[in-house]
Amino acid sequence: MSRFFIVLGIIYLVGAFYGFQAFRTLVKNPYLQILYGIVFLAVLVNVYLQFNHFDRSHGMTHKMGYAVGLFLAFMALGFSAGIFMLIEDIVRFFTWVFGKIATSNTVASEGFPSRRKFMSQVALGVAAVPFISLLYGMYKGKYDYQVLKHTLEFDDLPDAFDGYTITQISDVHSGSFDNKEKVSYAVDLINQQASDIILFTGDLVNNVASEMYPWKDTFSKLSAKGGVYSVLGNHDYGDYADWPSEEAKKANLDELKQIQKDMGFDLLLNESRFLEKDGQRIALIGVENWGEGGFKKAGDLEKAIENVDANDFKVLMSHDPSHWEYQVLKHPYHYHLTLSGHTHGMQFGVEIPGWLKWSPVKYRYKYWAGVYEKMGQYINVNRGLGFIGYPGRVGIWPEVTVIELKKKAKATV
């Protein structure tokens, strides 16, 4: 951890130094210049102290979350401004060299002050965008819930389920919540969709079951006529916390499972259920977490489908979308719809419907947000209801997904 902070601290300070060059060019007051340095150093020291006293048996605190958020915001400010000032320094250097070589350097050097001021204005103007965005994401973006609706058509959907609706939520990360009113609003918003069932695709907590204590009554209000079903995500197992013994870790997981039961969730642990309507049925399958690249692989698809026929219409809940890519698509069975979460869309990105969808997480996950189709099988990757690490969201907003299943009309000749 110390090496990590040394490297990150150096990057942060380099950005702060170059950003200071722009600030000093435009702001001549020495006291404000000193204040600039004090603020940047205070943010760095604060995040270091928070992590230095991090108790892994309790998980990430709200103070730590905000320390991380401020650190990222000021790092973006300094680094973004610093890039422009570094470019300006490079241009100035080569211009100076050229001026020394050329017969006359008078014209080349005359433009330095005015150009420096202009570049400083551009640098701070551009840097203000990510800085303000990250602060906004912490203040409001993390609770700016969006309802996204999709209609998916299938040839072999049982007639009784034509128009059947599913509300999916994922990645609650209750230990990060800090606003009871906003979270209650989210639960009401979910219920207002009046879907046939509600499916939760994992990560109820960050690390420990006790994080759900303040939110248990709130999430107990989730209701759908067909029930509320859930699976576990990688954070639910307590793998990212320190435990005095394996027994204590197991007890924590057992408590989390009981909390879900107490809230009215039907937790599927490599199991299946049949949803019946008018004498017809579809299979709801839930696997434990299975993730590529070092994540927990407790998911057992074969065990989960023991009672499922190959011809059944299948809805699969699997927390990590890499499971769909590496196992589900390669399975002999046809899984009509898989519901995942996990990526959060990295809580940062740019989305313009129909035009642009980008987040840095796309370089880690091939399927990272929204609906994808392959070989007639669909997956929806929910962007998550909560947040973790950076206590905010920018461009990738918290999501409630509503999916309507439709019977594809037969082509007429």
# chains A, B, ... in the order shown; residues from 1 in each chain; ligands from 1

$ residues_around --residues "Phe348 of chain A" --least-positions-apart "2" --cutoff "7 Å" --atoms "only C-alpha atoms" --output "list in words"
Gly345, Met346, Ser359, Arg393, Val394, Gly395 and Ile396 of chain A

$ write_last_selection --atoms "C-alpha atoms" --output "JSON list (two decimals), in the first residue's frame"
[["chain", "number", "residue", "atom", "x", "y", "z"],
["A", 345, "GLY", "CA", -19.82, 1.57, -15.66],
["A", 346, "MET", "CA", -16.84, 2.59, -13.49],
["A", 359, "SER", "CA", -16.17, 4.64, -19.98],
["A", 393, "ARG", "CA", -21.06, 9.19, -10.28],
["A", 394, "VAL", "CA", -20.24, 11.29, -13.33],
["A", 395, "GLY", "CA", -21.99, 10.54, -16.62],
["A", 396, "ILE", "CA", -22.80, 6.96, -15.59]]

$ closest_atom_pairs --of "segment 167-232 of chain A" --to "segment 133-140 of chain A" --cutoff "12 Å" --atoms "only C-alpha atoms" --output "Markdown table"
| residue | atom | partner | partner_atom | distance |
| --- | --- | --- | --- | --- |
| A:Ser176 | CA | A:Met138 | CA | 11.6 |
| A:Phe177 | CA | A:Met138 | CA | 11.5 |
| A:Asp178 | CA | A:Tyr139 | CA | 11.1 |
| A:Asn179 | CA | A:Tyr139 | CA | 10.9 |
| A:Lys182 | CA | A:Lys140 | CA | 10.1 |

$ residues_around --residues "Gly202 of chain A" --least-positions-apart "2" --cutoff "9 Å" --atoms "only C-alpha atoms" --output "list in words"
Ile169, Ser170, Asp171, Val172, Phe200, Leu204, Val205, Ser230, Val231, Leu232, Gly233, Asn234, His235, Asp236, Glu288, Asn289, Met317, Ser318, His319, Asp320, Ser340, Gly341 and His342 of chain A

$ select_by_dssp --residues "segment 131-352 of chain A" --states "helix (DSSP H, G or I)" --output "PyMOL selection string"
chain A and resi 131-139+141-143+159-161+174-176+180-192+209-219+234-237+246-262+301-304+321-328+344-347

$ write_last_selection --atoms "C-alpha atoms" --output "PDB file, in the first residue's frame"
ATOM      1  CA  PHE A 131     -12.892  19.099 -11.179  1.00  0.00           C
ATOM      2  CA  ILE A 132     -16.443  20.449 -11.036  1.00  0.00           C
ATOM      3  CA  SER A 133     -17.827  17.222 -12.540  1.00  0.00           C
ATOM      4  CA  LEU A 134     -16.229  15.078  -9.843  1.00  0.00           C
ATOM      5  CA  LEU A 135     -17.509  17.368  -7.098  1.00  0.00           C
ATOM      6  CA  TYR A 136     -20.985  17.337  -8.668  1.00  0.00           C
ATOM      7  CA  GLY A 137     -20.852  13.546  -8.850  1.00  0.00           C
ATOM      8  CA  MET A 138     -20.227  13.421  -5.099  1.00  0.00           C
ATOM      9  CA  TYR A 139     -22.890  15.981  -4.253  1.00  0.00           C
ATOM     10  CA  GLY A 141     -24.726  12.456  -9.264  1.00  0.00           C
ATOM     11  CA  LYS A 142     -24.544   9.425  -6.979  1.00  0.00           C
ATOM     12  CA  TYR A 143     -28.271   9.690  -6.251  1.00  0.00           C
ATOM     13  CA  ASP A 159     -47.520 -16.905 -24.771  1.00  0.00           C
ATOM     14  CA  ALA A 160     -48.573 -16.343 -21.156  1.00  0.00           C
ATOM     15  CA  PHE A 161     -45.405 -14.285 -20.586  1.00  0.00           C
ATOM     16  CA  SER A 174     -25.154  -0.238   1.203  1.00  0.00           C
ATOM     17  CA  GLY A 175     -22.058   0.624   3.256  1.00  0.00           C
ATOM     18  CA  SER A 176     -21.462   3.611   0.997  1.00  0.00           C
ATOM     19  CA  LYS A 180     -31.708   7.927   3.970  1.00  0.00           C
ATOM     20  CA  GLU A 181     -34.153  10.094   2.049  1.00  0.00           C
ATOM     21  CA  LYS A 182     -32.482   9.487  -1.319  1.00  0.00           C
ATOM     22  CA  VAL A 183     -32.248   5.735  -0.801  1.00  0.00           C
ATOM     23  CA  SER A 184     -35.908   5.588   0.228  1.00  0.00           C
ATOM     24  CA  TYR A 185     -36.740   7.468  -2.955  1.00  0.00           C
ATOM     25  CA  ALA A 186     -34.856   4.828  -4.951  1.00  0.00           C
ATOM     26  CA  VAL A 187     -36.861   2.009  -3.369  1.00  0.00           C
ATOM     27  CA  ASP A 188     -40.115   3.858  -4.078  1.00  0.00           C
ATOM     28  CA  LEU A 189     -38.978   4.410  -7.665  1.00  0.00           C
ATOM     29  CA  ILE A 190     -38.328   0.686  -8.078  1.00  0.00           C
ATOM     30  CA  ASN A 191     -41.751  -0.206  -6.724  1.00  0.00           C
ATOM     31  CA  GLN A 192     -43.425   2.384  -8.949  1.00  0.00           C
ATOM     32  CA  ALA A 209     -23.211  -7.796   6.649  1.00  0.00           C
ATOM     33  CA  SER A 210     -23.608  -5.123   9.332  1.00  0.00           C
ATOM     34  CA  GLU A 211     -23.561  -2.461   6.606  1.00  0.00           C
ATOM     35  CA  MET A 212     -27.170  -3.418   5.888  1.00  0.00           C
ATOM     36  CA  TYR A 213     -28.427  -2.706   9.415  1.00  0.00           C
ATOM     37  CA  PRO A 214     -29.428   0.930   8.702  1.00  0.00           C
ATOM     38  CA  TRP A 215     -31.024  -0.002   5.369  1.00  0.00           C
ATOM     39  CA  LYS A 216     -32.751  -3.267   6.116  1.00  0.00           C
ATOM     40  CA  ASP A 217     -36.175  -1.739   6.750  1.00  0.00           C
ATOM     41  CA  THR A 218     -35.883   0.436   3.638  1.00  0.00           C
ATOM     42  CA  PHE A 219     -35.112  -2.433   1.258  1.00  0.00           C
ATOM     43  CA  ASN A 234     -18.145 -10.677  -5.251  1.00  0.00           C
ATOM     44  CA  HIS A 235     -18.322  -8.125  -2.404  1.00  0.00           C
ATOM     45  CA  ASP A 236     -20.952 -10.120  -0.512  1.00  0.00           C
ATOM     46  CA  TYR A 237     -18.554 -12.904   0.501  1.00  0.00           C
ATOM     47  CA  GLU A 246     -12.701 -18.583   8.745  1.00  0.00           C
ATOM     48  CA  GLU A 247     -15.589 -19.233  11.115  1.00  0.00           C
ATOM     49  CA  ALA A 248     -16.115 -15.491  11.583  1.00  0.00           C
ATOM     50  CA  LYS A 249     -16.057 -14.944   7.839  1.00  0.00           C
ATOM     51  CA  LYS A 250     -18.597 -17.732   7.300  1.00  0.00           C
ATOM     52  CA  ALA A 251     -20.806 -16.321  10.053  1.00  0.00           C
ATOM     53  CA  ASN A 252     -20.792 -12.953   8.277  1.00  0.00           C
ATOM     54  CA  LEU A 253     -21.914 -14.539   5.000  1.00  0.00           C
ATOM     55  CA  ASP A 254     -24.596 -16.539   6.799  1.00  0.00           C
ATOM     56  CA  GLU A 255     -25.842 -13.332   8.402  1.00  0.00           C
ATOM     57  CA  LEU A 256     -25.992 -11.594   5.026  1.00  0.00           C
ATOM     58  CA  LYS A 257     -28.018 -14.471   3.616  1.00  0.00           C
ATOM     59  CA  GLN A 258     -30.394 -14.258   6.566  1.00  0.00           C
ATOM     60  CA  ILE A 259     -30.757 -10.489   6.112  1.00  0.00           C
ATOM     61  CA  GLN A 260     -31.852 -11.047   2.533  1.00  0.00           C
ATOM     62  CA  LYS A 261     -34.357 -13.651   3.688  1.00  0.00           C
ATOM     63  CA  ASP A 262     -35.670 -11.281   6.374  1.00  0.00           C
ATOM     64  CA  LEU A 301     -24.079 -23.279 -13.657  1.00  0.00           C
ATOM     65  CA  GLU A 302     -24.472 -27.047 -13.931  1.00  0.00           C
ATOM     66  CA  LYS A 303     -25.765 -27.281 -10.383  1.00  0.00           C
ATOM     67  CA  ALA A 304     -28.074 -24.311 -10.915  1.00  0.00           C
ATOM     68  CA  PRO A 321     -20.814 -10.173 -17.035  1.00  0.00           C
ATOM     69  CA  SER A 322     -17.556 -11.995 -17.772  1.00  0.00           C
ATOM     70  CA  HIS A 323     -19.432 -15.159 -16.787  1.00  0.00           C
ATOM     71  CA  TRP A 324     -21.693 -14.663 -19.804  1.00  0.00           C
ATOM     72  CA  GLU A 325     -18.709 -14.221 -22.075  1.00  0.00           C
ATOM     73  CA  TYR A 326     -16.580 -17.107 -20.797  1.00  0.00           C
ATOM     74  CA  GLN A 327     -19.134 -19.744 -19.771  1.00  0.00           C
ATOM     75  CA  VAL A 328     -22.765 -18.978 -20.530  1.00  0.00           C
ATOM     76  CA  HIS A 344     -20.803   0.117 -12.276  1.00  0.00           C
ATOM     77  CA  GLY A 345     -19.817   1.566 -15.658  1.00  0.00           C
ATOM     78  CA  MET A 346     -16.839   2.593 -13.493  1.00  0.00           C
ATOM     79  CA  GLN A 347     -19.173   5.338 -12.167  1.00  0.00           C
TER      80      GLN A 347
END

$ select_by_dssp --residues "segment 37-263 of chain A" --states "strand (DSSP E or B)" --output "JSON, numbers by chain"
{"A": [146, 147, 148, 149, 150, 151, 152, 153, 154, 164, 165, 166, 167, 168, 169, 197, 198, 199, 200, 228, 229, 230]}

$ residues_around --residues "Ala369 of chain A" --least-positions-apart "5" --cutoff "8 Å" --atoms "only C-alpha atoms" --output "ChimeraX atom specification"
/A:343-345,380-383

$ atom_distance --atom1 "atom CA of Ala241 of chain A" --atom2 "atom CA of Asp266 of chain A"
25.5 Å

$ residues_around --residues "Tyr48 of chain A" --least-positions-apart "5" --cutoff "9 Å" --atoms "only C-alpha atoms" --output "list in words"
Phe5, Val43, His53 and Ala67 of chain A

$ atom_distance --atom1 "atom CA of Val147 of chain A" --atom2 "atom CA of Thr401 of chain A"
5.8 Å

$ closest_residue --among "A:Ile388, A:Ile379, A:Val371, A:Ala224" --to "His336 of chain A" --atoms "only C-alpha atoms"
A:Ile379

$ closest_residue --among "A:Ile38, A:Leu157, A:Leu124, A:Ile87" --to "Lys408 of chain A" --atoms "only C-alpha atoms"
A:Leu157

$ atom_distance --atom1 "atom CA of Ala22 of chain A" --atom2 "atom CA of Ser120 of chain A"
4.4 Å
